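Shown next: target_21.txt, given as compact mmCIF, C-alpha atoms (C1' of nucleotides) and all ligand atoms.
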```txt
# COMPACT_ATOMS: atom_id res chain seq x y z
CA MET S 96 -17.27 131.13 -93.75
CA THR S 97 -20.24 130.63 -91.46
CA ILE S 98 -23.20 128.35 -92.01
CA GLY S 99 -25.27 131.25 -93.30
CA ALA S 100 -22.64 132.15 -95.88
CA LEU S 101 -22.41 128.53 -97.00
CA GLY S 102 -26.18 128.55 -97.36
CA GLN S 103 -26.01 131.69 -99.50
CA ALA S 104 -23.25 130.21 -101.62
CA THR S 105 -25.10 126.99 -102.34
CA GLY S 106 -28.78 127.78 -102.05
CA VAL S 107 -29.23 125.34 -99.18
CA GLY S 108 -30.80 126.43 -95.90
CA ALA S 109 -28.80 126.43 -92.68
CA GLU S 110 -31.08 123.90 -91.02
CA THR S 111 -30.70 121.57 -93.96
CA ILE S 112 -26.92 121.93 -93.74
CA ARG S 113 -26.99 120.97 -90.07
CA TYR S 114 -29.24 118.07 -90.98
CA TYR S 115 -26.72 116.88 -93.60
CA GLU S 116 -24.00 117.07 -91.01
CA ARG S 117 -26.07 115.06 -88.56
CA ILE S 118 -26.60 112.26 -91.09
CA GLU S 119 -22.91 112.40 -91.97
CA LEU S 120 -23.43 113.53 -95.53
CA LEU S 121 -21.32 116.63 -94.89
CA PRO S 122 -18.21 116.26 -92.74
CA GLN S 123 -18.05 118.16 -89.49
CA PRO S 124 -16.43 121.53 -90.07
CA ALA S 125 -13.98 123.30 -87.80
CA ARG S 126 -15.41 125.53 -85.08
CA THR S 127 -14.61 128.97 -83.74
CA SER S 128 -13.82 129.27 -80.06
CA GLY S 129 -17.46 130.24 -79.57
CA GLY S 130 -18.72 127.10 -81.29
CA TYR S 131 -19.65 128.51 -84.71
CA ARG S 132 -19.14 126.22 -87.66
CA VAL S 133 -16.41 127.36 -90.05
CA TYR S 134 -16.64 126.13 -93.64
CA ARG S 135 -14.07 125.98 -96.43
CA PRO S 136 -14.34 125.96 -100.22
CA GLU S 137 -14.33 122.16 -100.29
CA HIS S 138 -17.55 122.24 -98.28
CA VAL S 139 -19.08 124.53 -100.89
CA ARG S 140 -18.13 122.08 -103.63
CA ARG S 141 -19.46 119.08 -101.78
CA LEU S 142 -22.71 120.78 -100.83
CA ASN S 143 -23.26 121.97 -104.39
CA PHE S 144 -22.78 118.41 -105.56
CA ILE S 145 -25.37 117.28 -103.06
CA ARG S 146 -27.82 120.01 -103.99
CA ARG S 147 -27.59 119.27 -107.72
CA SER S 148 -28.03 115.56 -107.10
CA ARG S 149 -31.04 116.18 -104.89
CA GLU S 150 -32.57 118.50 -107.48
CA LEU S 151 -32.38 115.58 -109.89
CA GLY S 152 -34.37 113.56 -107.41
CA LEU S 153 -31.61 111.22 -106.29
CA SER S 154 -32.08 109.87 -102.79
CA ILE S 155 -29.76 110.82 -99.97
CA GLU S 156 -28.39 107.28 -99.99
CA ALA S 157 -27.68 107.51 -103.72
CA VAL S 158 -25.92 110.84 -103.19
CA ARG S 159 -23.91 109.30 -100.40
CA GLU S 160 -22.78 106.53 -102.70
CA LEU S 161 -21.98 108.94 -105.54
CA LEU S 162 -19.83 110.99 -103.21
CA SER S 163 -18.02 107.93 -102.04
CA LEU S 164 -17.47 106.76 -105.63
CA ALA S 165 -16.25 110.17 -106.70
CA SER S 166 -13.53 110.10 -104.10
CA ASP S 167 -11.78 107.16 -105.72
CA ARG S 168 -10.74 108.52 -109.09
CA LEU S 169 -9.34 105.29 -110.50
CA ARG S 170 -12.39 103.17 -109.95
CA PRO S 171 -14.46 102.37 -113.06
CA CYS S 172 -17.53 104.57 -113.30
CA ALA S 173 -19.97 101.81 -114.16
CA ARG S 174 -21.62 102.03 -110.76
CA VAL S 175 -22.18 105.76 -111.23
CA ASP S 176 -24.01 105.11 -114.45
CA ARG S 177 -25.99 102.35 -112.84
CA LEU S 178 -27.22 104.62 -110.07
CA VAL S 179 -28.37 107.22 -112.56
CA ARG S 180 -29.99 104.74 -114.90
CA ASP S 181 -31.76 102.99 -112.04
CA HIS S 182 -33.11 106.33 -110.95
CA ILE S 183 -34.38 107.02 -114.48
CA HIS S 184 -36.06 103.63 -114.42
CA ASP S 185 -37.71 104.43 -111.09
CA LEU S 186 -38.94 107.71 -112.53
CA ASP S 187 -40.44 105.86 -115.48
CA HIS S 188 -42.41 103.67 -113.09
CA LYS S 189 -43.54 106.65 -111.09
CA ILE S 190 -44.56 108.63 -114.16
CA GLU S 191 -46.46 105.70 -115.56
CA SER S 192 -48.38 105.12 -112.36
CA LEU S 193 -49.23 108.79 -112.01
CA GLN S 194 -50.50 108.81 -115.58
CA LYS S 195 -52.69 105.82 -114.84
CA LEU S 196 -54.08 107.60 -111.80
CA ARG S 197 -54.66 110.68 -113.88
CA GLY S 198 -56.62 108.68 -116.43
CA ALA S 199 -58.78 107.09 -113.78
CA LEU S 200 -59.45 110.44 -112.12
CA GLN S 201 -60.26 112.07 -115.44
CA ARG S 202 -62.84 109.40 -116.23
CA LEU S 203 -64.28 109.93 -112.79
CA ALA S 204 -64.37 113.70 -113.17
CA ASP S 205 -65.92 113.47 -116.64
CA SER S 206 -68.77 111.40 -115.26
CA CYS S 207 -69.98 114.39 -113.27
CA ARG S 208 -70.63 117.88 -114.51
CA GLY S 209 -70.73 119.37 -111.04
CA GLY S 210 -74.18 120.84 -111.42
CA GLY S 211 -76.16 118.28 -109.45
CA ARG S 212 -76.66 117.25 -105.88
CA VAL S 213 -74.39 115.02 -103.89
CA SER S 214 -77.03 112.30 -103.98
CA GLU S 215 -76.68 112.04 -107.77
CA CYS S 216 -72.96 112.59 -107.97
CA ARG S 217 -71.33 109.84 -109.98
CA ILE S 218 -67.95 110.49 -108.46
CA LEU S 219 -69.17 109.61 -105.00
CA GLU S 220 -71.16 106.72 -106.38
CA ALA S 221 -68.08 105.27 -108.00
CA LEU S 222 -66.05 105.65 -104.83
CA GLN S 223 -68.78 104.01 -102.82
CA GLU S 224 -69.62 101.13 -105.06
CA ALA S 225 -66.90 100.41 -107.57
CA GLU S 226 -66.39 96.70 -108.09
CA GLU S 227 -63.18 96.86 -110.05
CA THR S 228 -60.22 98.80 -108.72
CA LEU S 229 -60.56 102.35 -109.99
CA ALA S 230 -56.85 102.83 -110.35
CA GLY S 231 -56.24 99.58 -112.22
CA PRO S 232 -53.78 96.81 -111.38
CA ALA S 233 -50.16 97.37 -110.50
CA ILE S 234 -47.83 97.67 -113.46
CA GLU S 235 -45.35 94.89 -114.03
CA CYS S 236 -42.01 95.67 -115.47
CA GLY S 237 -40.33 93.86 -118.34
CA GLN S 238 -36.88 94.95 -117.32
CA GLU S 239 -34.70 92.11 -116.19
CA ASP S 240 -33.27 93.29 -112.92
CA CYS S 241 -36.13 95.50 -111.80
CA GLN S 242 -37.64 92.99 -109.40
CA GLU S 243 -34.44 92.02 -107.68
CA ARG S 244 -33.36 95.61 -107.37
CA ARG S 245 -36.63 96.66 -105.80
CA ALA S 246 -36.52 93.63 -103.53
CA SER S 247 -32.99 94.40 -102.37
CA GLU S 248 -34.10 97.92 -101.51
CA LYS S 249 -36.67 96.49 -99.14
CA GLN S 250 -33.92 94.88 -97.07
CA PRO S 251 -33.66 96.27 -93.57
CA LYS S 252 -30.92 98.83 -93.58
CA PRO S 253 -28.33 98.83 -90.81
CA ARG S 254 -29.31 101.81 -88.71
CA ARG S 255 -26.74 104.45 -88.02
CA GLU S 256 -26.43 105.71 -84.47
CA ARG S 257 -27.77 109.12 -83.69
CA ARG S 258 -24.62 111.03 -82.74
CA ALA S 259 -21.53 108.94 -82.27
CA MET B 506 -66.73 91.25 -87.35
CA THR B 507 -63.25 91.73 -85.92
CA ILE B 508 -60.56 94.03 -87.22
CA GLY B 509 -58.92 91.16 -89.08
CA ALA B 510 -62.14 90.32 -90.86
CA LEU B 511 -62.67 93.97 -91.79
CA GLY B 512 -59.14 93.98 -93.15
CA GLN B 513 -59.89 90.88 -95.25
CA ALA B 514 -63.12 92.41 -96.51
CA THR B 515 -61.51 95.66 -97.63
CA GLY B 516 -57.89 94.88 -98.34
CA VAL B 517 -56.67 97.25 -95.65
CA GLY B 518 -54.27 96.10 -92.96
CA ALA B 519 -55.34 96.02 -89.31
CA GLU B 520 -52.68 98.51 -88.27
CA THR B 521 -53.86 100.92 -90.93
CA ILE B 522 -57.43 100.53 -89.72
CA ARG B 523 -56.39 101.40 -86.18
CA TYR B 524 -54.46 104.34 -87.59
CA TYR B 525 -57.57 105.56 -89.42
CA GLU B 526 -59.50 105.32 -86.19
CA ARG B 527 -56.86 107.28 -84.33
CA ILE B 528 -57.03 110.13 -86.84
CA GLU B 529 -60.83 109.99 -86.71
CA LEU B 530 -61.27 108.93 -90.29
CA LEU B 531 -63.11 105.81 -89.20
CA PRO B 532 -65.55 106.12 -86.28
CA GLN B 533 -64.82 104.16 -83.15
CA PRO B 534 -66.53 100.79 -83.33
CA ALA B 535 -68.28 98.96 -80.52
CA ARG B 536 -66.16 96.68 -78.34
CA THR B 537 -66.55 93.23 -76.90
CA SER B 538 -66.27 92.85 -73.14
CA GLY B 539 -62.65 91.88 -73.71
CA GLY B 540 -61.92 95.04 -75.65
CA TYR B 541 -61.98 93.69 -79.22
CA ARG B 542 -63.28 96.07 -81.88
CA VAL B 543 -66.56 94.96 -83.45
CA TYR B 544 -67.31 96.26 -86.94
CA ARG B 545 -70.53 96.48 -88.92
CA PRO B 546 -71.29 96.59 -92.65
CA GLU B 547 -71.30 100.38 -92.62
CA HIS B 548 -67.68 100.27 -91.58
CA VAL B 549 -66.91 98.06 -94.55
CA ARG B 550 -68.55 100.56 -96.88
CA ARG B 551 -66.78 103.52 -95.38
CA LEU B 552 -63.40 101.82 -95.37
CA ASN B 553 -63.82 100.72 -98.99
CA PHE B 554 -64.59 104.31 -99.89
CA ILE B 555 -61.41 105.38 -98.15
CA ARG B 556 -59.31 102.69 -99.79
CA ARG B 557 -60.54 103.52 -103.29
CA SER B 558 -59.94 107.22 -102.73
CA ARG B 559 -56.46 106.57 -101.42
CA GLU B 560 -55.68 104.31 -104.39
CA LEU B 561 -56.47 107.29 -106.58
CA GLY B 562 -53.89 109.25 -104.67
CA LEU B 563 -56.26 111.57 -102.80
CA SER B 564 -54.87 112.82 -99.53
CA ILE B 565 -56.34 111.80 -96.21
CA GLU B 566 -57.67 115.33 -95.79
CA ALA B 567 -59.34 115.18 -99.20
CA VAL B 568 -60.89 111.84 -98.29
CA ARG B 569 -62.09 113.29 -95.02
CA GLU B 570 -63.78 116.12 -96.87
CA LEU B 571 -65.30 113.78 -99.46
CA LEU B 572 -66.76 111.65 -96.69
CA SER B 573 -68.19 114.69 -95.00
CA LEU B 574 -69.65 115.95 -98.28
CA ALA B 575 -71.14 112.57 -99.06
CA SER B 576 -73.07 112.59 -95.84
CA ASP B 577 -75.17 115.57 -96.85
CA ARG B 578 -77.09 114.30 -99.85
CA LEU B 579 -78.79 117.58 -100.77
CA ARG B 580 -75.67 119.68 -101.00
CA PRO B 581 -74.52 120.53 -104.53
CA CYS B 582 -71.65 118.35 -105.63
CA ALA B 583 -69.51 121.14 -107.05
CA ARG B 584 -67.02 120.84 -104.22
CA VAL B 585 -66.61 117.13 -104.90
CA ASP B 586 -65.72 117.85 -108.49
CA ARG B 587 -63.37 120.58 -107.41
CA LEU B 588 -61.44 118.24 -105.13
CA VAL B 589 -61.02 115.70 -107.89
CA ARG B 590 -60.07 118.25 -110.53
CA ASP B 591 -57.60 119.93 -108.22
CA HIS B 592 -56.02 116.58 -107.62
CA ILE B 593 -55.75 115.98 -111.36
CA HIS B 594 -54.12 119.36 -111.69
CA ASP B 595 -51.61 118.49 -108.97
CA LEU B 596 -50.83 115.25 -110.77
CA ASP B 597 -50.18 117.19 -113.97
CA HIS B 598 -47.64 119.30 -112.18
CA LYS B 599 -46.01 116.30 -110.64
CA ILE B 600 -45.88 114.38 -113.91
CA GLU B 601 -44.42 117.34 -115.73
CA SER B 602 -41.71 117.87 -113.17
CA LEU B 603 -40.81 114.18 -113.15
CA GLN B 604 -40.57 114.25 -116.93
CA LYS B 605 -38.24 117.22 -116.75
CA LEU B 606 -36.09 115.38 -114.26
CA ARG B 607 -36.09 112.36 -116.50
CA GLY B 608 -34.89 114.42 -119.43
CA ALA B 609 -32.08 115.95 -117.42
CA LEU B 610 -31.01 112.57 -116.10
CA GLN B 611 -31.12 111.01 -119.54
CA ARG B 612 -28.85 113.72 -120.93
CA LEU B 613 -26.55 113.11 -118.02
CA ALA B 614 -26.55 109.35 -118.50
CA ASP B 615 -25.99 109.67 -122.25
CA SER B 616 -22.87 111.71 -121.64
CA CYS B 617 -21.19 108.69 -120.11
CA ARG B 618 -20.90 105.21 -121.53
CA GLY B 619 -19.89 103.66 -118.26
CA GLY B 620 -16.63 102.23 -119.60
CA GLY B 621 -14.21 104.75 -118.18
CA ARG B 622 -12.77 105.70 -114.86
CA VAL B 623 -14.41 107.86 -112.27
CA SER B 624 -11.91 110.62 -112.99
CA GLU B 625 -13.25 110.95 -116.55
CA CYS B 626 -16.90 110.39 -115.76
CA ARG B 627 -18.99 113.17 -117.21
CA ILE B 628 -21.84 112.46 -114.85
CA LEU B 629 -19.74 113.26 -111.81
CA GLU B 630 -18.18 116.20 -113.63
CA ALA B 631 -21.59 117.67 -114.32
CA LEU B 632 -22.69 117.20 -110.73
CA GLN B 633 -19.51 118.79 -109.48
CA GLU B 634 -19.30 121.73 -111.81
CA ALA B 635 -22.58 122.50 -113.50
CA GLU B 636 -23.18 126.20 -113.79
CA GLU B 637 -26.81 126.08 -114.80
CA THR B 638 -29.31 124.15 -112.77
CA LEU B 639 -29.36 120.62 -114.14
CA ALA B 640 -33.02 120.13 -113.52
CA GLY B 641 -34.09 123.43 -115.07
CA PRO B 642 -36.22 126.16 -113.53
CA ALA B 643 -39.45 125.57 -111.70
CA ILE B 644 -42.50 125.33 -113.90
CA GLU B 645 -45.02 128.11 -113.68
CA CYS B 646 -48.64 127.35 -114.15
CA GLY B 647 -51.01 129.24 -116.41
CA GLN B 648 -54.06 128.08 -114.51
CA GLU B 649 -55.84 130.92 -112.77
CA ASP B 650 -56.34 129.65 -109.26
CA CYS B 651 -53.29 127.44 -109.01
CA GLN B 652 -51.16 129.89 -107.05
CA GLU B 653 -53.80 130.82 -104.52
CA ARG B 654 -54.77 127.23 -104.02
CA ARG B 655 -51.21 126.15 -103.40
CA ALA B 656 -50.72 129.14 -101.12
CA SER B 657 -53.81 128.35 -99.07
CA GLU B 658 -52.55 124.80 -98.61
CA LYS B 659 -49.48 126.21 -96.93
CA GLN B 660 -51.62 127.78 -94.18
CA PRO B 661 -50.98 126.31 -90.77
CA LYS B 662 -53.63 123.74 -90.09
CA PRO B 663 -55.39 123.71 -86.73
CA ARG B 664 -53.93 120.70 -85.01
CA ARG B 665 -56.23 118.03 -83.68
CA GLU B 666 -55.63 116.79 -80.16
CA ARG B 667 -54.12 113.39 -79.70
CA ARG B 668 -56.92 111.45 -78.04
CA ALA B 669 -59.83 113.50 -76.78
C1' DC X 974 -21.28 148.78 -74.25
C1' DT X 975 -25.26 147.61 -76.47
C1' DA X 976 -28.31 146.31 -80.12
C1' DG X 977 -29.46 142.97 -83.04
C1' DA X 978 -28.04 139.82 -86.54
C1' DC X 979 -26.38 135.64 -86.48
C1' DC X 980 -25.29 131.26 -84.44
C1' DT X 981 -25.88 126.98 -81.09
C1' DT X 982 -28.39 122.55 -79.44
C1' DG X 983 -32.36 119.94 -78.95
C1' DT X 984 -36.88 118.62 -79.91
C1' DA X 985 -41.08 118.03 -82.43
C1' DG X 986 -43.77 118.16 -86.61
C1' DC X 987 -44.93 116.84 -91.50
C1' DC X 988 -47.33 112.48 -94.43
C1' DA X 989 -49.40 107.99 -94.29
C1' DC X 990 -48.41 104.47 -92.66
C1' DT X 991 -45.55 100.19 -90.73
C1' DA X 992 -43.30 97.43 -87.27
C1' DC X 993 -42.58 96.05 -83.28
C1' DA X 994 -42.95 94.71 -77.86
C1' DG X 995 -45.35 93.03 -74.27
C1' DG X 996 -49.35 91.79 -72.94
C1' DG X 997 -54.65 90.15 -73.14
C1' DT X 998 -58.75 87.45 -75.32
C1' DC X 999 -61.18 83.99 -77.67
C1' DA X 1000 -62.65 79.54 -79.75
C1' DA X 1001 -61.65 74.83 -80.51
C1' DG X 1002 -60.16 70.49 -79.00
C1' DC X 1003 -59.20 67.23 -75.24
C1' DG M 502 -61.51 72.76 -66.84
C1' DC M 503 -57.39 73.49 -69.30
C1' DT M 504 -54.29 74.24 -73.00
C1' DT M 505 -53.03 75.81 -77.36
C1' DG M 506 -52.45 79.09 -80.65
C1' DA M 507 -54.58 82.44 -83.53
C1' DC M 508 -56.06 86.61 -82.98
C1' DC M 509 -56.42 91.09 -80.65
C1' DC M 510 -55.01 95.18 -77.49
C1' DT M 511 -52.13 99.63 -76.42
C1' DG M 512 -48.26 102.33 -76.97
C1' DT M 513 -44.14 103.72 -79.02
C1' DA M 514 -40.81 104.43 -82.57
C1' DG M 515 -39.32 104.28 -87.23
C1' DT M 516 -39.54 105.74 -92.39
C1' DG M 517 -37.46 110.31 -95.78
C1' DG M 518 -35.94 114.65 -96.02
C1' DC M 519 -36.39 118.10 -94.26
C1' DT M 520 -38.65 122.36 -91.55
C1' DA M 521 -39.90 125.04 -87.50
C1' DC M 522 -39.52 126.30 -83.40
C1' DA M 523 -37.57 127.53 -78.29
C1' DA M 524 -34.21 129.03 -75.35
C1' DG M 525 -30.05 130.47 -75.14
C1' DG M 526 -25.00 131.95 -76.73
C1' DT M 527 -21.70 134.74 -79.97
C1' DC M 528 -20.11 138.17 -82.85
C1' DT M 529 -19.64 142.75 -84.82
C1' DA M 530 -20.81 147.60 -86.07
C1' DG M 531 -21.71 151.82 -84.17
ZN ZN U 1 -70.56 115.33 -108.80
ZN ZN U 2 -39.03 98.23 -113.63
ZN ZN U 3 -19.42 107.64 -115.99
ZN ZN U 4 -51.01 124.77 -111.62
```
What would the structure in this file look like if it were written as structure tokens?
Amino acid sequence: MTIGALGQATGVGAETIRYYERIELLPQPARTSGGYRVYRPEHVRRLNFIRRSRELGLSIEAVRELLSLASDRLRPCARVDRLVRDHIHDLDHKIESLQKLRGALQRLADSCRGGGRVSECRILEALQEAEETLAGPAIECGQEDCQERRASEKQPKPRRERRA
Amino acid sequence: MTIGALGQATGVGAETIRYYERIELLPQPARTSGGYRVYRPEHVRRLNFIRRSRELGLSIEAVRELLSLASDRLRPCARVDRLVRDHIHDLDHKIESLQKLRGALQRLADSCRGGGRVSECRILEALQEAEETLAGPAIECGQEDCQERRASEKQPKPRRERRA
DNA sequence: CTAGACCTTGTAGCCACTACAGGGTCAAGC
DNA sequence: GCTTGACCCTGTAGTGGCTACAAGGTCTAG
């Protein structure tokens, strides 16, 4: 099957597939004599796995690790769970901060009815002169390992070469 | 005041300030004979405005438009309100979709207790074999102008030259 | 044998920064 | 005057996860 057919089969665009190959998330397929990529059912399975994981918001690096874990069937699955639960925890942080932003924006929007002139607009006034931070302070997390985890993510990653 | 002092006064890093200048969000300041940027109180005000807007999650383009609107004090402020309300609406979409993801991930995580082997892990099974989309279908919005607004955002923007 | 659908590589763009490298400037202290 | 060292300058490249070309090559149905 060609790259277009693989795209049809998985709902992933051809350019994205080539991108996944470039970052070594998909293995290099065989080629025709003319240079066309030739995919097999195992590629369909792997790419579907990737697509579903990405739809759940997992990062490429998380997907990479899941794929690597999945290949060793005897390993305990604790790390798999950890990846998923960490991602849920990240989502909780993100949702909470978006809700805080939403609250701040709603208060701002409610302060103006939109009927006046710019010179009387309370939204602009607040943006120009607010003393306190409009969006509130950063949220701190009670969860034990949240800080260390987020810190370890900040570590400089070893860069992979572009095309070996 | 130098760029470092402006950064101190506003809580914005020097590199970000130079970036804002490059994209013409901050006007070019005067320079010393040696080439150092020299800022004035109006720069502090403008940069604080930008920082507060960005903390609320407004895009650079939205901030640019707010700044331009704010400069014309007699104009009606309806457009200001519109920008803020549109942003709230975008946040609602984003929050809703993150909550859907969270639900899907939680169901996934609950299906595995983390004690078994990879070969029995229901998380990996689901990612490998799910028929239905794990994250559910895209949300459609009841709001009247949501589609057109999102469509008009997709329009190709006229690109600004790099350094006039 | 030709049309045209598909494929190839490579590069650049998106957002909003952030992180250098390699140099220049400025103020204080001696 | 000279040195030190904190600050500043420009320019480029990287982040994530694609997406959109351009310029050309390949494959297949008619
Ligand atoms: Zn208003
Ligand atoms: Zn946390
Ligand atoms: Zn498991
Ligand atoms: Zn909507």
### Task
Enumerate residues in contact with ligand ZN 4 (chain U): an atom-to-atom distance of at most 7 Å, counting all atoms listed in the file. Format the result as a ChimeraX atom specification.
/B:594-595,598,646-648,651-652
Okay, now the selection with C-alpha atoms, as a tab-separated table (two decimals), in the coordinates of the input?
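Saved as part-v3.tsv:
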```tsv
chain	number	residue	atom	x	y	z
B	594	HIS	CA	-54.12	119.36	-111.69
B	595	ASP	CA	-51.61	118.49	-108.97
B	598	HIS	CA	-47.64	119.30	-112.18
B	646	CYS	CA	-48.64	127.35	-114.15
B	647	GLY	CA	-51.01	129.24	-116.41
B	648	GLN	CA	-54.06	128.08	-114.51
B	651	CYS	CA	-53.29	127.44	-109.01
B	652	GLN	CA	-51.16	129.89	-107.05
```
### Message
If we draw a sphere of 12 Å around (-25.8, 148.8, -77.0), which residues have at least one atom in it when counting all atoms listed in the file? Please report them as a ChimeraX atom specification.
### Response
/X:974-977 /M:529-531
Using all atoms listed in the file, can you list as a PDB file with C-alpha atoms (C1' of nucleotides), keeping the file's coordinate frame the residues within 12 Å of (-28.6, 136.6, -85.6)?
```
ATOM      1  CA  THR S  97     -20.240 130.630 -91.460  1.00  0.00           C
ATOM      2  CA  ILE S  98     -23.200 128.350 -92.010  1.00  0.00           C
ATOM      3  CA  GLY S  99     -25.270 131.250 -93.300  1.00  0.00           C
TER       4      GLY S  99
ATOM      5  C1'  DA X 976     -28.310 146.310 -80.120  1.00  0.00           C
ATOM      6  C1'  DG X 977     -29.460 142.970 -83.040  1.00  0.00           C
ATOM      7  C1'  DA X 978     -28.040 139.820 -86.540  1.00  0.00           C
ATOM      8  C1'  DC X 979     -26.380 135.640 -86.480  1.00  0.00           C
ATOM      9  C1'  DC X 980     -25.290 131.260 -84.440  1.00  0.00           C
ATOM     10  C1'  DT X 981     -25.880 126.980 -81.090  1.00  0.00           C
TER      11       DT X 981
ATOM     12  C1'  DG M 526     -25.000 131.950 -76.730  1.00  0.00           C
ATOM     13  C1'  DT M 527     -21.700 134.740 -79.970  1.00  0.00           C
ATOM     14  C1'  DC M 528     -20.110 138.170 -82.850  1.00  0.00           C
ATOM     15  C1'  DT M 529     -19.640 142.750 -84.820  1.00  0.00           C
TER      16       DT M 529
END
```
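You can rank S:Arg212, S:Lys249, S:Arg117, S:Arg244 by their closest distance to ligand ZN 1 (chain U) using all atoms listed in the file, and at the top of that list sits S:Arg212.
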### Task
Residues of chain S near chain X: apply a cut-off of 12 Å, count all atoms listed in the file, and supply the list as a PyMOL selection string.
chain S and resi 97-100+109-110+113+126-127+129-133+251
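Proximity to chain B was assessed for S:Glu156, S:Glu119, S:Glu224, S:Glu137 counting only C-alpha atoms; the smallest distance is recorded for S:Glu224.
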List all protein, DNA and RNA residues that have an atom no more than 10 Å from any atom of ligand ZN 1 (chain U), counting all atoms listed in the file, and report them as a PDB file with C-alpha atoms, in the frame of the given file.
```pdb
ATOM      1  CA  LEU S 203     -64.280 109.930-112.790  1.00  0.00           C
ATOM      2  CA  ALA S 204     -64.370 113.700-113.170  1.00  0.00           C
ATOM      3  CA  ASP S 205     -65.920 113.470-116.640  1.00  0.00           C
ATOM      4  CA  SER S 206     -68.770 111.400-115.260  1.00  0.00           C
ATOM      5  CA  CYS S 207     -69.980 114.390-113.270  1.00  0.00           C
ATOM      6  CA  ARG S 208     -70.630 117.880-114.510  1.00  0.00           C
ATOM      7  CA  GLY S 209     -70.730 119.370-111.040  1.00  0.00           C
ATOM      8  CA  GLY S 210     -74.180 120.840-111.420  1.00  0.00           C
ATOM      9  CA  GLY S 211     -76.160 118.280-109.450  1.00  0.00           C
ATOM     10  CA  ARG S 212     -76.660 117.250-105.880  1.00  0.00           C
ATOM     11  CA  VAL S 213     -74.390 115.020-103.890  1.00  0.00           C
ATOM     12  CA  SER S 214     -77.030 112.300-103.980  1.00  0.00           C
ATOM     13  CA  GLU S 215     -76.680 112.040-107.770  1.00  0.00           C
ATOM     14  CA  CYS S 216     -72.960 112.590-107.970  1.00  0.00           C
ATOM     15  CA  ARG S 217     -71.330 109.840-109.980  1.00  0.00           C
ATOM     16  CA  ILE S 218     -67.950 110.490-108.460  1.00  0.00           C
ATOM     17  CA  LEU S 219     -69.170 109.610-105.000  1.00  0.00           C
ATOM     18  CA  GLU S 220     -71.160 106.720-106.380  1.00  0.00           C
TER      19      GLU S 220
ATOM     20  CA  PRO B 581     -74.520 120.530-104.530  1.00  0.00           C
ATOM     21  CA  CYS B 582     -71.650 118.350-105.630  1.00  0.00           C
ATOM     22  CA  ALA B 583     -69.510 121.140-107.050  1.00  0.00           C
ATOM     23  CA  ARG B 584     -67.020 120.840-104.220  1.00  0.00           C
ATOM     24  CA  VAL B 585     -66.610 117.130-104.900  1.00  0.00           C
ATOM     25  CA  ASP B 586     -65.720 117.850-108.490  1.00  0.00           C
ATOM     26  CA  ARG B 587     -63.370 120.580-107.410  1.00  0.00           C
ATOM     27  CA  VAL B 589     -61.020 115.700-107.890  1.00  0.00           C
TER      28      VAL B 589
END
```
Give one line per residue of chain M that approaches chain S to at most 12 Å, naming the two atoms of the closest pair and their distance in Å to one decimal, counting all atoms listed in the file; sort by chain then ascending residue number and deliver it as a tab-separated table.
```
residue	atom	partner	partner_atom	distance
M:DG515	C1'	S:Arg254	CA	10.4
M:DT516	C1'	S:Lys252	CA	11.1
M:DG517	C1'	S:Ile155	CA	8.8
M:DG518	C1'	S:Ile155	CA	8.3
M:DC519	C1'	S:Thr111	CA	6.7
M:DT520	C1'	S:Glu110	CA	7.7
M:DA521	C1'	S:Glu110	CA	9.6
M:DC522	C1'	S:Glu110	CA	11.6
M:DG526	C1'	S:Gly129	CA	8.2
M:DT527	C1'	S:Gly129	CA	6.2
M:DC528	C1'	S:Gly129	CA	9.0
```
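Minimum distance to chain S across B:Glu658, B:Glu653, B:Glu601, B:Glu645 (counting all atoms listed in the file) occurs at B:Glu601.
CA of Thr515 (chain B) is positioned 9.7 Å from CA of Arg557 (chain B).
Taking CA of Arg607 (chain B) and CA of Asp181 (chain S) as the two end points, the separation is 11.2 Å.
Closest approach to ligand ZN 2 (chain U) among S:Ile190, S:Leu222, S:Leu121, S:Leu196 is made by S:Ile190 (distances from only C-alpha atoms and all ligand atoms).
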